[in-house]
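Chemist: Pasting a structure here, questions to come.
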Amino acid sequence: MDMTYYDHGTPTERWERARMFFDAKDYAAAARVLGPLVAEVPEQTGPRLLLARSYYHSAQLRRAEAELRILVERDPVEQYARLMLGRTLERQGRQEEADAQLRIASALAGDFAEL
């Protein structure tokens, strides 16, 4: 597959292109743009989180899980990454692991009623 279009441009241009693909619900194309971008700027949360969401929405659940685990390892109080990790684990039929992540996400969101 020719990746020229996906790799072309500055990091900012590729970020915008990935967001356009994501907004258009072309999650696989967004992931193709974001994969190399995340490799280039691995410390940035935004591109990695959008990559994880792109993987999630395109049913690449193992890849989504891997990106989300990196995010929560790096920033344990990243509430949205915890929520997404819980949802990703649920979709894989791993409910016990999912429940633990969803409880943490709820607590981080200030929703203590379910705890």
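Going by the structure tokens order, chains are called A, B, ..., each with residues numbered from 1, while ligands are numbered from 1 in the order shown.
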Pick out the residues sitting within 12 Å of range 7-20 of chain A, and hand them over as a PyMOL selection string; count only C-alpha atoms, and ignore anything fewer than 5 positions along from it in its own chain.
Modeler: chain A and resi 2+25-41+44+46-51+53-54
Chemist: Could you pull the residues within 8 Å of range 78-80 of chain A, counting only C-alpha atoms, minus those fewer than 2 positions along the same chain, as a VMD selection string?
Modeler: chain A and resid 71 to 72 75 to 76 82 to 84 104 to 106 108 to 109
Chemist: Have a look at A:Glu73, A:Asp23, A:Glu65, A:Asp111 and name the one nearest to Arg87 in chain A; count only C-alpha atoms.
Modeler: A:Glu65
Chemist: One decimal, Å: what's the distance from CA of Glu97 in chain A over to CA of Phe22 in chain A, could you say?
Modeler: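 One can read the CA of Glu97 in chain A to CA of Phe22 in chain A distance as 27.4 Å.
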Chemist: Need to verify the contact set: Ala52 in chain A, 6 Å, only C-alpha atoms, exclusion of same-chain residues closer than 3 positions in sequence. Can you return it as a list of chain:residue names?
Modeler: A:Leu49, A:Tyr55, A:Ala64, A:Glu67
Chemist: Figure out the distance between CA of Leu85 in chain A and CA of Arg69 in chain A, please, to one decimal in Å.
Modeler: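 CA of Leu85 in chain A lies 7.3 Å from CA of Arg69 in chain A.
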Chemist: Just give me the gap between CA of Gly86 in chain A and CA of Ala100 in chain A in Å, one decimal is fine.
Modeler: 7.6 Å
Chemist: Looking at only C-alpha atoms, which of A:Thr88, A:Glu43, A:Val77, A:Gln95 is the one that sits closest to Ala107 in chain A?
Modeler: A:Val77
